[in-house]
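Enquirer: Contents of query31.pdb (PDB, C-alpha atoms, pLDDT in the B column) are given next:
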ATOM      1  CA  MET A   2      12.878  -0.810 -26.251  1.00 51.00           C
ATOM      2  CA  THR A   3      14.781  -3.681 -24.720  1.00 53.00           C
ATOM      3  CA  ASP A   4      12.988  -5.230 -21.773  1.00 55.00           C
ATOM      4  CA  TYR A   5      15.540  -4.759 -19.041  1.00 53.00           C
ATOM      5  CA  GLN A   6      13.125  -6.075 -16.476  1.00 50.00           C
ATOM      6  CA  SER A   7      14.158  -9.497 -17.614  1.00 49.00           C
ATOM      7  CA  LEU A   8      17.353 -10.785 -16.106  1.00 44.00           C
ATOM      8  CA  ALA A   9      18.043 -12.567 -19.361  1.00 44.00           C
ATOM      9  CA  VAL A  10      18.897  -9.238 -20.960  1.00 45.00           C
ATOM     10  CA  ALA A  11      20.012  -7.362 -17.855  1.00 48.00           C
ATOM     11  CA  PRO A  12      22.997  -5.065 -18.388  1.00 50.00           C
ATOM     12  CA  ALA A  13      26.238  -6.946 -17.961  1.00 50.00           C
ATOM     13  CA  GLU A  14      28.328  -5.602 -15.126  1.00 51.00           C
ATOM     14  CA  GLY A  15      32.086  -5.352 -15.285  1.00 55.00           C
ATOM     15  CA  GLY A  16      32.860  -2.268 -17.304  1.00 65.00           C
ATOM     16  CA  ASP A  17      31.290  -2.594 -20.733  1.00 87.00           C
ATOM     17  CA  TYR A  18      30.443   0.878 -22.066  1.00 92.00           C
ATOM     18  CA  ALA A  19      27.498  -0.441 -24.043  1.00 91.00           C
ATOM     19  CA  ALA A  20      26.086  -1.818 -20.797  1.00 91.00           C
ATOM     20  CA  TYR A  21      26.607   1.556 -19.131  1.00 93.00           C
ATOM     21  CA  VAL A  22      24.735   3.291 -21.941  1.00 93.00           C
ATOM     22  CA  ALA A  23      21.900   0.768 -21.675  1.00 91.00           C
ATOM     23  CA  TYR A  24      21.756   1.290 -17.933  1.00 91.00           C
ATOM     24  CA  VAL A  25      21.596   5.085 -18.093  1.00 93.00           C
ATOM     25  CA  GLU A  26      19.026   5.013 -20.897  1.00 91.00           C
ATOM     26  CA  ASP A  27      16.737   2.302 -19.615  1.00 89.00           C
ATOM     27  CA  VAL A  28      17.087   2.416 -15.846  1.00 89.00           C
ATOM     28  CA  LEU A  29      17.869   6.076 -15.160  1.00 91.00           C
ATOM     29  CA  GLY A  30      15.840   7.344 -18.117  1.00 90.00           C
ATOM     30  CA  GLY A  31      18.580   9.464 -19.663  1.00 92.00           C
ATOM     31  CA  ARG A  32      18.676  10.717 -23.228  1.00 93.00           C
ATOM     32  CA  ARG A  33      22.075  10.756 -24.906  1.00 95.00           C
ATOM     33  CA  GLU A  34      23.588  13.361 -27.167  1.00 96.00           C
ATOM     34  CA  GLN A  35      26.983  12.584 -28.665  1.00 96.00           C
ATOM     35  CA  ILE A  36      29.065  15.695 -29.187  1.00 96.00           C
ATOM     36  CA  VAL A  37      32.658  16.676 -29.820  1.00 97.00           C
ATOM     37  CA  LEU A  38      33.424  19.101 -27.038  1.00 97.00           C
ATOM     38  CA  ASP A  39      35.809  21.949 -27.817  1.00 97.00           C
ATOM     39  CA  GLU A  40      36.840  25.444 -26.722  1.00 97.00           C
ATOM     40  CA  ASN A  41      33.812  26.968 -28.461  1.00 97.00           C
ATOM     41  CA  TYR A  42      31.435  25.575 -25.808  1.00 97.00           C
ATOM     42  CA  THR A  43      32.148  28.680 -23.793  1.00 96.00           C
ATOM     43  CA  LYS A  44      29.342  28.149 -21.274  1.00 96.00           C
ATOM     44  CA  ILE A  45      30.990  25.017 -19.941  1.00 97.00           C
ATOM     45  CA  VAL A  46      34.607  25.253 -21.100  1.00 98.00           C
ATOM     46  CA  THR A  47      37.117  27.713 -19.700  1.00 98.00           C
ATOM     47  CA  ILE A  48      40.605  28.170 -21.154  1.00 98.00           C
ATOM     48  CA  THR A  49      43.018  30.000 -18.878  1.00 98.00           C
ATOM     49  CA  PRO A  50      46.597  31.155 -19.474  1.00 98.00           C
ATOM     50  CA  VAL A  51      49.571  29.566 -17.703  1.00 98.00           C
ATOM     51  CA  LEU A  52      53.066  30.999 -17.288  1.00 97.00           C
ATOM     52  CA  ALA A  53      56.371  29.135 -17.220  1.00 96.00           C
ATOM     53  CA  ALA A  54      57.059  27.069 -14.087  1.00 96.00           C
ATOM     54  CA  GLN A  55      53.394  27.209 -13.076  1.00 96.00           C
ATOM     55  CA  SER A  56      51.208  24.216 -12.272  1.00 97.00           C
ATOM     56  CA  LEU A  57      47.771  25.518 -13.090  1.00 97.00           C
ATOM     57  CA  PRO A  58      44.630  24.491 -15.000  1.00 97.00           C
ATOM     58  CA  PHE A  59      44.443  25.592 -18.621  1.00 98.00           C
ATOM     59  CA  ILE A  60      41.334  23.677 -19.709  1.00 98.00           C
ATOM     60  CA  ASP A  61      38.366  23.400 -17.359  1.00 98.00           C
ATOM     61  CA  ILE A  62      35.256  21.480 -18.496  1.00 98.00           C
ATOM     62  CA  ARG A  63      32.178  21.798 -16.322  1.00 97.00           C
ATOM     63  CA  CYS A  64      29.302  19.341 -16.387  1.00 96.00           C
ATOM     64  CA  PRO A  65      26.113  21.377 -15.815  1.00 94.00           C
ATOM     65  CA  ALA A  66      23.822  20.450 -12.942  1.00 92.00           C
ATOM     66  CA  GLY A  67      21.123  17.998 -13.977  1.00 91.00           C
ATOM     67  CA  GLN A  68      23.247  16.492 -16.720  1.00 94.00           C
ATOM     68  CA  LYS A  69      25.842  13.790 -16.936  1.00 95.00           C
ATOM     69  CA  PHE A  70      28.923  13.526 -19.133  1.00 97.00           C
ATOM     70  CA  SER A  71      30.385  10.139 -19.912  1.00 97.00           C
ATOM     71  CA  ILE A  72      33.589   9.181 -21.668  1.00 97.00           C
ATOM     72  CA  MET A  73      34.226   5.727 -23.089  1.00 96.00           C
ATOM     73  CA  GLY A  74      37.567   4.218 -22.100  1.00 94.00           C
ATOM     74  CA  SER A  75      39.414   1.557 -24.055  1.00 91.00           C
ATOM     75  CA  GLN A  76      39.064  -0.762 -21.039  1.00 89.00           C
ATOM     76  CA  GLN A  77      35.317  -0.736 -21.623  1.00 89.00           C
ATOM     77  CA  ILE A  78      35.488  -2.258 -25.075  1.00 88.00           C
ATOM     78  CA  THR A  79      35.462  -6.005 -25.191  1.00 80.00           C
ATOM     79  CA  GLY A  80      36.676  -6.618 -28.728  1.00 74.00           C
ATOM     80  CA  ALA A  81      40.415  -5.984 -29.034  1.00 68.00           C
ATOM     81  CA  SER A  82      40.015  -4.844 -32.629  1.00 68.00           C
ATOM     82  CA  ASP A  83      37.623  -2.118 -31.522  1.00 78.00           C
ATOM     83  CA  GLN A  84      39.887  -0.534 -28.882  1.00 77.00           C
ATOM     84  CA  ARG A  85      40.358   2.595 -30.973  1.00 81.00           C
ATOM     85  CA  THR A  86      36.654   3.360 -30.855  1.00 88.00           C
ATOM     86  CA  ALA A  87      37.172   4.632 -27.307  1.00 94.00           C
ATOM     87  CA  HIS A  88      36.729   8.357 -26.882  1.00 96.00           C
ATOM     88  CA  SER A  89      39.797  10.435 -27.733  1.00 97.00           C
ATOM     89  CA  VAL A  90      41.169  13.863 -26.899  1.00 97.00           C
ATOM     90  CA  ARG A  91      43.406  16.166 -28.936  1.00 97.00           C
ATOM     91  CA  ILE A  92      44.870  19.392 -27.576  1.00 97.00           C
ATOM     92  CA  HIS A  93      46.707  22.224 -29.285  1.00 96.00           C
ATOM     93  CA  ALA A  94      48.270  24.390 -26.557  1.00 96.00           C
ATOM     94  CA  VAL A  95      49.729  27.575 -27.967  1.00 95.00           C
ATOM     95  CA  MET A  96      52.468  29.557 -26.220  1.00 95.00           C
ATOM     96  CA  ASP A  97      52.847  32.750 -28.248  1.00 92.00           C
ATOM     97  CA  ALA A  98      51.036  35.047 -30.637  1.00 90.00           C
ATOM     98  CA  SER A  99      52.747  33.348 -33.571  1.00 87.00           C
ATOM     99  CA  GLY A 100      50.931  30.125 -32.734  1.00 87.00           C
ATOM    100  CA  ASN A 101      53.911  28.080 -31.584  1.00 91.00           C
ATOM    101  CA  GLU A 102      53.076  25.046 -29.485  1.00 93.00           C
ATOM    102  CA  ILE A 103      54.407  24.145 -26.027  1.00 95.00           C
ATOM    103  CA  GLY A 104      57.031  21.427 -25.785  1.00 95.00           C
ATOM    104  CA  PHE A 105      55.991  17.801 -25.970  1.00 95.00           C
ATOM    105  CA  GLY A 106      57.965  16.911 -22.831  1.00 96.00           C
ATOM    106  CA  ASN A 107      55.624  18.839 -20.542  1.00 97.00           C
ATOM    107  CA  LYS A 108      53.470  16.671 -18.283  1.00 97.00           C
ATOM    108  CA  ILE A 109      49.753  17.338 -18.123  1.00 98.00           C
ATOM    109  CA  ARG A 110      47.708  16.478 -15.076  1.00 98.00           C
ATOM    110  CA  ILE A 111      44.123  15.374 -15.745  1.00 98.00           C
ATOM    111  CA  THR A 112      41.712  15.354 -12.829  1.00 97.00           C
ATOM    112  CA  LYS A 113      38.015  15.144 -12.156  1.00 97.00           C
ATOM    113  CA  GLU A 114      37.064  17.543  -9.401  1.00 96.00           C
ATOM    114  CA  GLY A 115      33.853  17.974  -7.486  1.00 92.00           C
ATOM    115  CA  VAL A 116      32.337  21.070  -5.973  1.00 83.00           C
ATOM    116  CA  THR A 117      33.627  20.079  -2.560  1.00 84.00           C
ATOM    117  CA  ASP A 118      37.232  19.867  -3.793  1.00 82.00           C
ATOM    118  CA  SER A 119      37.114  16.095  -4.077  1.00 91.00           C
ATOM    119  CA  VAL A 120      39.714  15.123  -6.645  1.00 95.00           C
ATOM    120  CA  THR A 121      39.978  11.988  -8.764  1.00 95.00           C
ATOM    121  CA  ASN A 122      43.262  11.628 -10.602  1.00 96.00           C
ATOM    122  CA  ILE A 123      42.713  10.486 -14.175  1.00 96.00           C
ATOM    123  CA  GLY A 124      46.274  10.542 -15.453  1.00 96.00           C
ATOM    124  CA  ARG A 125      49.496  12.456 -16.055  1.00 97.00           C
ATOM    125  CA  PRO A 126      50.399  11.950 -19.714  1.00 97.00           C
ATOM    126  CA  PHE A 127      53.022  13.868 -21.660  1.00 97.00           C
ATOM    127  CA  TYR A 128      51.721  16.816 -23.645  1.00 97.00           C
ATOM    128  CA  GLY A 129      53.096  14.933 -26.651  1.00 96.00           C
ATOM    129  CA  ASP A 130      50.592  12.154 -25.925  1.00 97.00           C
ATOM    130  CA  LEU A 131      47.698  14.602 -26.024  1.00 97.00           C
ATOM    131  CA  SER A 132      48.852  16.851 -28.832  1.00 96.00           C
ATOM    132  CA  LEU A 133      47.071  17.262 -32.124  1.00 94.00           C
ATOM    133  CA  THR A 134      50.356  17.428 -34.004  1.00 94.00           C
ATOM    134  CA  LYS A 135      53.232  14.965 -34.337  1.00 92.00           C
ATOM    135  CA  THR A 136      55.896  17.671 -34.089  1.00 87.00           C
ATOM    136  CA  PRO A 137      55.407  20.818 -31.999  1.00 81.00           C
ATOM    137  CA  GLY A 138      54.990  23.876 -34.128  1.00 76.00           C
ATOM    138  CA  LEU A 139      52.660  26.136 -35.974  1.00 80.00           C
ATOM    139  CA  LEU A 140      49.338  24.559 -36.818  1.00 76.00           C
ATOM    140  CA  SER A 141      49.208  26.566 -40.030  1.00 76.00           C
ATOM    141  CA  ALA A 142      52.705  25.636 -41.212  1.00 77.00           C
ATOM    142  CA  VAL A 143      52.854  23.456 -44.285  1.00 79.00           C
ATOM    143  CA  THR A 144      55.380  21.179 -42.624  1.00 81.00           C
ATOM    144  CA  THR A 145      53.178  20.503 -39.590  1.00 86.00           C
ATOM    145  CA  VAL A 146      52.106  16.867 -39.485  1.00 90.00           C
ATOM    146  CA  LEU A 147      48.857  16.040 -37.733  1.00 92.00           C
ATOM    147  CA  LYS A 148      48.374  12.778 -35.879  1.00 94.00           C
ATOM    148  CA  THR A 149      46.090  10.220 -37.456  1.00 94.00           C
ATOM    149  CA  ASP A 150      43.124   8.641 -35.725  1.00 93.00           C
ATOM    150  CA  LEU A 151      45.332   5.718 -34.675  1.00 91.00           C
ATOM    151  CA  GLU A 152      47.694   8.105 -32.883  1.00 94.00           C
ATOM    152  CA  TRP A 153      45.157  10.154 -30.958  1.00 95.00           C
ATOM    153  CA  TYR A 154      45.154   9.884 -27.187  1.00 96.00           C
ATOM    154  CA  ARG A 155      42.460   7.457 -26.035  1.00 95.00           C
ATOM    155  CA  TRP A 156      41.115   7.370 -22.489  1.00 95.00           C
ATOM    156  CA  THR A 157      42.038   4.174 -20.691  1.00 92.00           C
ATOM    157  CA  GLN A 158      39.407   4.033 -17.981  1.00 92.00           C
ATOM    158  CA  GLY A 159      35.934   5.346 -18.623  1.00 94.00           C
ATOM    159  CA  ILE A 160      34.968   8.582 -16.883  1.00 96.00           C
ATOM    160  CA  GLU A 161      31.587   9.687 -15.609  1.00 96.00           C
ATOM    161  CA  MET A 162      30.993  13.294 -14.616  1.00 96.00           C
ATOM    162  CA  ASN A 163      27.881  14.145 -12.672  1.00 92.00           C
ATOM    163  CA  GLY A 164      26.343  17.565 -12.179  1.00 87.00           C
ATOM    164  CA  GLU A 165      28.798  20.376 -11.436  1.00 91.00           C
ATOM    165  CA  GLN A 166      31.865  18.179 -11.576  1.00 95.00           C
ATOM    166  CA  HIS A 167      34.815  19.461 -13.562  1.00 97.00           C
ATOM    167  CA  LEU A 168      37.340  17.738 -15.809  1.00 98.00           C
ATOM    168  CA  ILE A 169      40.538  19.727 -15.571  1.00 98.00           C
ATOM    169  CA  PHE A 170      43.729  19.679 -17.630  1.00 98.00           C
ATOM    170  CA  SER A 171      46.597  21.305 -15.712  1.00 98.00           C
ATOM    171  CA  THR A 172      50.251  21.890 -16.392  1.00 98.00           C
ATOM    172  CA  ILE A 173      52.865  20.447 -14.055  1.00 97.00           C
ATOM    173  CA  ASN A 174      55.720  22.943 -13.696  1.00 97.00           C
ATOM    174  CA  LEU A 175      55.467  24.194 -17.272  1.00 97.00           C
ATOM    175  CA  ALA A 176      58.922  24.309 -18.892  1.00 96.00           C
ATOM    176  CA  ALA A 177      61.040  27.462 -18.660  1.00 96.00           C
ATOM    177  CA  GLY A 178      60.529  29.932 -21.467  1.00 95.00           C
ATOM    178  CA  GLN A 179      57.120  28.483 -22.323  1.00 96.00           C
ATOM    179  CA  ALA A 180      53.567  29.519 -21.546  1.00 97.00           C
ATOM    180  CA  ILE A 181      50.021  28.760 -22.559  1.00 97.00           C
ATOM    181  CA  ILE A 182      47.956  31.604 -23.961  1.00 97.00           C
ATOM    182  CA  VAL A 183      44.213  31.550 -24.583  1.00 97.00           C
ATOM    183  CA  ALA A 184      44.267  32.762 -28.185  1.00 95.00           C
ATOM    184  CA  GLY A 185      44.884  29.776 -30.414  1.00 93.00           C
ATOM    185  CA  THR A 186      44.681  27.138 -27.689  1.00 96.00           C
ATOM    186  CA  ALA A 187      42.148  24.560 -28.812  1.00 96.00           C
ATOM    187  CA  PHE A 188      41.053  21.009 -28.194  1.00 97.00           C
ATOM    188  CA  ALA A 189      38.580  18.401 -29.408  1.00 97.00           C
ATOM    189  CA  MET A 190      37.114  15.728 -27.170  1.00 97.00           C
ATOM    190  CA  PRO A 191      34.177  13.468 -28.036  1.00 97.00           C
ATOM    191  CA  ILE A 192      31.871  12.863 -25.066  1.00 97.00           C
ATOM    192  CA  ASP A 193      28.354  11.669 -24.418  1.00 97.00           C
ATOM    193  CA  VAL A 194      26.045  14.235 -22.805  1.00 97.00           C
ATOM    194  CA  TRP A 195      23.081  12.880 -20.852  1.00 95.00           C
ATOM    195  CA  TYR A 196      19.862  14.800 -20.302  1.00 93.00           C
ATOM    196  CA  PHE A 197      17.303  13.737 -17.729  1.00 89.00           C
TER     197      PHE A 197
ATOM    198  CA  MET B   2       1.230 -12.245 -21.300  1.00 44.00           C
ATOM    199  CA  PRO B   3       4.101 -13.568 -19.234  1.00 51.00           C
ATOM    200  CA  GLY B   4       7.151 -11.375 -19.104  1.00 49.00           C
ATOM    201  CA  THR B   5       5.393  -8.062 -19.629  1.00 49.00           C
ATOM    202  CA  SER B   6       3.526  -5.602 -17.467  1.00 45.00           C
ATOM    203  CA  SER B   7       2.495  -1.998 -17.706  1.00 46.00           C
ATOM    204  CA  ALA B   8       4.831   0.294 -15.827  1.00 52.00           C
ATOM    205  CA  GLY B   9       3.216   1.614 -12.715  1.00 55.00           C
ATOM    206  CA  GLU B  10      -0.142  -0.070 -13.227  1.00 60.00           C
ATOM    207  CA  PRO B  11      -1.635  -0.762  -9.802  1.00 64.00           C
ATOM    208  CA  GLY B  12      -1.736  -4.407  -9.030  1.00 67.00           C
ATOM    209  CA  ALA B  13       0.122  -5.419 -12.132  1.00 68.00           C
ATOM    210  CA  PRO B  14       2.388  -8.390 -11.486  1.00 68.00           C
ATOM    211  CA  LEU B  15       6.084  -7.685 -11.575  1.00 67.00           C
ATOM    212  CA  THR B  16       7.967  -9.597 -14.174  1.00 69.00           C
ATOM    213  CA  PRO B  17      10.574 -12.154 -13.165  1.00 69.00           C
ATOM    214  CA  GLY B  18      13.859 -10.574 -12.248  1.00 70.00           C
ATOM    215  CA  VAL B  19      12.542  -7.212 -11.116  1.00 67.00           C
ATOM    216  CA  ARG B  20      13.179  -7.952  -7.462  1.00 65.00           C
ATOM    217  CA  ALA B  21      16.740  -9.021  -8.166  1.00 68.00           C
ATOM    218  CA  ARG B  22      17.377  -5.939 -10.265  1.00 67.00           C
ATOM    219  CA  GLN B  23      15.949  -3.622  -7.639  1.00 65.00           C
ATOM    220  CA  LYS B  24      18.193  -5.239  -5.080  1.00 60.00           C
ATOM    221  CA  ARG B  25      21.213  -4.951  -7.350  1.00 63.00           C
ATOM    222  CA  TYR B  26      20.702  -1.327  -8.328  1.00 65.00           C
ATOM    223  CA  GLY B  27      19.116  -0.127  -5.126  1.00 59.00           C
ATOM    224  CA  PHE B  28      15.721   0.967  -6.369  1.00 58.00           C
ATOM    225  CA  ALA B  29      13.034   0.419  -3.813  1.00 51.00           C
ATOM    226  CA  GLY B  30       9.959   1.344  -5.826  1.00 51.00           C
ATOM    227  CA  GLU B  31       7.326  -1.084  -6.956  1.00 47.00           C
ATOM    228  CA  GLN B  32       7.196   0.493 -10.370  1.00 49.00           C
ATOM    229  CA  SER B  33       9.187  -1.224 -13.048  1.00 48.00           C
ATOM    230  CA  ALA B  34      12.166   0.646 -14.385  1.00 47.00           C
ATOM    231  CA  ALA B  35      11.325   0.244 -18.046  1.00 50.00           C
ATOM    232  CA  GLY B  36       9.164   3.027 -19.372  1.00 49.00           C
ATOM    233  CA  VAL B  37      10.005   5.492 -16.631  1.00 53.00           C
ATOM    234  CA  ALA B  38      10.879   8.885 -18.077  1.00 64.00           C
ATOM    235  CA  SER B  39      13.717   9.639 -15.706  1.00 72.00           C
ATOM    236  CA  LYS B  40      14.611   8.932 -12.116  1.00 72.00           C
ATOM    237  CA  PRO B  41      14.653  11.878  -9.707  1.00 76.00           C
ATOM    238  CA  GLY B  42      18.236  12.921  -9.211  1.00 82.00           C
ATOM    239  CA  ALA B  43      19.405  10.536 -11.899  1.00 84.00           C
ATOM    240  CA  ALA B  44      22.054  12.994 -13.008  1.00 84.00           C
ATOM    241  CA  ASN B  45      23.765  12.629  -9.653  1.00 86.00           C
ATOM    242  CA  ILE B  46      23.643   8.852  -9.408  1.00 87.00           C
ATOM    243  CA  GLN B  47      27.168   7.513  -9.650  1.00 88.00           C
ATOM    244  CA  ALA B  48      26.208   4.875 -12.183  1.00 90.00           C
ATOM    245  CA  GLY B  49      29.702   4.741 -13.621  1.00 91.00           C
ATOM    246  CA  LYS B  50      31.021   3.054 -10.483  1.00 88.00           C
ATOM    247  CA  MET B  51      29.211  -0.123 -11.507  1.00 88.00           C
ATOM    248  CA  PHE B  52      30.922  -0.062 -14.867  1.00 89.00           C
ATOM    249  CA  ASN B  53      34.521   0.537 -13.815  1.00 86.00           C
ATOM    250  CA  MET B  54      34.444   4.243 -14.628  1.00 92.00           C
ATOM    251  CA  ALA B  55      36.359   6.934 -12.779  1.00 91.00           C
TER     252      ALA B  55
END
Please, can you express the file's structure as structure tokens?
Expert:
Amino acid sequence: MTDYQSLAVAPAEGGDYAAYVAYVEDVLGGRREQIVLDENYTKIVTITPVLAAQSLPFIDIRCPAGQKFSIMGSQQITGASDQRTAHSVRIHAVMDASGNEIGFGNKIRITKEGVTDSVTNIGRPFYGDLSLTKTPGLLSAVTTVLKTDLEWYRWTQGIEMNGEQHLIFSTINLAAGQAIIVAGTAFAMPIDVWYF
Amino acid sequence: MPGTSSAGEPGAPLTPGVRARQKRYGFAGEQSAAGVASKPGAANIQAGKMFNMA
């Protein structure tokens, strides 16, 4: 183990994700598990339906008490060529039983919320920024084109979630004639889980 | 050997830099950080703030 008692190898401050990982491992004593979070983690992920014109959460991710979630942002990577190693997120929001996707022009509000209703705004990207596909449509259709790794949405600023904080994806005035239903709505989001 | 000490050993000399690190990160204990299993309440320490995380 690196001797972090020595200032010569002390974690560099200023936003480097590797330094954050070293800090949580060596100073706080955390153990890291790297997972790809999705809708199948039903104990901590809740998908809820949204109707047209509503501004409501449709993905709610809860960090359990006694654990920490961390997300690497592209700002935390020093080498420009490595920017795409930042953690990504891909969402497939389905609006009907046929599996059609909501429109790419919808705005999605991403927030981190605490148990006391404290809210940190993360961003308000287009759904098209977050989508798994390059053209809205049926995931099973032959003509559906999936985004490549280079086109996936990457987090800009790193995010740390402490016990019982939530990361919430909400619609903002979902377009008329559209909706989000639970069946078929899916996402994938690499995160680091910390156990203490 | 200079630069090493057993974590938590009574009377063991602290290695250079420990005081500065405790001041920086706010740990008051005498015990060195390295080798500690986990800090009480570590899951709720807002460590990300030091690393420009939201």
Enquirer: On this structure, the PyMOL selection byres ((chain A and resi 35) around 6) would catch which residues? List them as a ChimeraX atom specification, sorted by chain and number.
Expert: /A:34,36,193
Enquirer: Care to translate the PyMOL selection byres ((chain A and resi 114-129) around 8) into actual residues of this file, as a PyMOL selection string?
Expert: (chain A and resi 104-113+130-132+135+165-169) or (chain B and resi 55)
Enquirer: Just to confirm, what's the straight-line distance from atom CA of A:Leu139 to atom CA of A:Ser99 in Å (one decimal)?
Expert: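 Computed distance, atom CA of A:Leu139 to atom CA of A:Ser99, equals 7.6 Å.
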Enquirer: For atom CA of B:Ala43 and atom CA of A:Phe197, quote the distance in Å rounded to one decimal.
Expert: 7.0 Å
Enquirer: One number please: atom CA of A:Ala66 to atom CA of B:Asn45, in Å, one decimal.
Expert: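 Those two atoms sit 8.5 Å apart.
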Enquirer: Translate the PyMOL selection byres ((chain A and resi 59) around 12) into a concrete residue list for this structure, as a VMD selection string.
Expert: chain A and resid 40 46 to 52 55 to 58 60 to 62 92 to 96 109 to 111 168 to 173 175 180 to 184 186 to 188
Enquirer: With distances taken over only C-alpha atoms, which residue among A:Ala177, A:Ile160, A:Ala20, A:Ala54 lies nearest A:His88?
Expert: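 Comparing A:Ala177, A:Ile160, A:Ala20, A:Ala54 against A:His88, the winner is A:Ile160.
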Enquirer: Neighbouring residues of A:Val146 were defined as those with any atom within 12 Å, considering all atoms listed in the file; residues of the same chain fewer than 3 positions away were excluded. Please report them as an mmCIF file with C-alpha atoms, in the coordinates of the input.
Expert:
data_model
loop_
_atom_site.group_PDB
_atom_site.id
_atom_site.type_symbol
_atom_site.label_atom_id
_atom_site.label_comp_id
_atom_site.auth_asym_id
_atom_site.auth_seq_id
_atom_site.Cartn_x
_atom_site.Cartn_y
_atom_site.Cartn_z
ATOM 1 C CA SER A 132 48.852 16.851 -28.832
ATOM 2 C CA LEU A 133 47.071 17.262 -32.124
ATOM 3 C CA THR A 134 50.356 17.428 -34.004
ATOM 4 C CA LYS A 135 53.232 14.965 -34.337
ATOM 5 C CA THR A 136 55.896 17.671 -34.089
ATOM 6 C CA PRO A 137 55.407 20.818 -31.999
ATOM 7 C CA GLY A 138 54.990 23.876 -34.128
ATOM 8 C CA LEU A 139 52.660 26.136 -35.974
ATOM 9 C CA LEU A 140 49.338 24.559 -36.818
ATOM 10 C CA SER A 141 49.208 26.566 -40.030
ATOM 11 C CA ALA A 142 52.705 25.636 -41.212
ATOM 12 C CA VAL A 143 52.854 23.456 -44.285
ATOM 13 C CA THR A 149 46.090 10.220 -37.456
ATOM 14 C CA GLU A 152 47.694 8.105 -32.883
#
Enquirer: Hey, which of A:Gln179, A:Asn174, A:Tyr21, A:Tyr196 ends up closest to A:Gln77? Count only C-alpha atoms.
Expert: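 Among A:Gln179, A:Asn174, A:Tyr21, A:Tyr196, it is A:Tyr21 that comes nearest to A:Gln77.
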Enquirer: Regenerate stretch 102-117 of chain A at the level of N, CA and C atoms and dump it as a short mmCIF file (atom, residue, chain, number, x, y, z; two decimals), in the coordinates of the input.
Expert:
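Now in rebuild_2.cif:
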data_model
loop_
_atom_site.label_atom_id
_atom_site.label_comp_id
_atom_site.auth_asym_id
_atom_site.auth_seq_id
_atom_site.Cartn_x
_atom_site.Cartn_y
_atom_site.Cartn_z
N GLU A 102 53.65 25.97 -30.44
CA GLU A 102 53.08 25.05 -29.48
C GLU A 102 54.05 24.81 -28.33
N ILE A 103 53.52 24.46 -27.16
CA ILE A 103 54.41 24.14 -26.03
C ILE A 103 55.13 22.82 -26.30
N GLY A 104 56.20 22.60 -25.56
CA GLY A 104 57.03 21.43 -25.78
C GLY A 104 56.32 20.14 -25.44
N PHE A 105 56.65 19.09 -26.18
CA PHE A 105 55.99 17.80 -25.97
C PHE A 105 56.39 17.12 -24.67
N GLY A 106 57.51 17.56 -24.06
CA GLY A 106 57.96 16.91 -22.83
C GLY A 106 57.21 17.34 -21.59
N ASN A 107 56.40 18.39 -21.70
CA ASN A 107 55.62 18.84 -20.54
C ASN A 107 54.64 17.76 -20.11
N LYS A 108 54.47 17.63 -18.79
CA LYS A 108 53.47 16.67 -18.28
C LYS A 108 52.16 17.42 -18.00
N ILE A 109 51.08 16.76 -18.32
CA ILE A 109 49.75 17.34 -18.12
C ILE A 109 49.01 16.49 -17.09
N ARG A 110 48.46 17.16 -16.12
CA ARG A 110 47.71 16.48 -15.08
C ARG A 110 46.22 16.56 -15.40
N ILE A 111 45.56 15.41 -15.45
CA ILE A 111 44.12 15.37 -15.74
C ILE A 111 43.39 14.89 -14.51
N THR A 112 42.45 15.71 -14.04
CA THR A 112 41.71 15.35 -12.83
C THR A 112 40.23 15.60 -13.02
N LYS A 113 39.45 14.86 -12.27
CA LYS A 113 38.02 15.14 -12.16
C LYS A 113 37.79 15.70 -10.77
N GLU A 114 37.19 16.89 -10.70
CA GLU A 114 37.06 17.54 -9.40
C GLU A 114 35.61 17.90 -9.13
N GLY A 115 35.21 17.66 -7.90
CA GLY A 115 33.85 17.97 -7.49
C GLY A 115 33.76 19.33 -6.83
N VAL A 116 32.54 19.74 -6.55
CA VAL A 116 32.34 21.07 -5.97
C VAL A 116 32.89 21.17 -4.56
N THR A 117 33.09 20.04 -3.92
CA THR A 117 33.63 20.08 -2.56
C THR A 117 35.12 19.77 -2.55
#
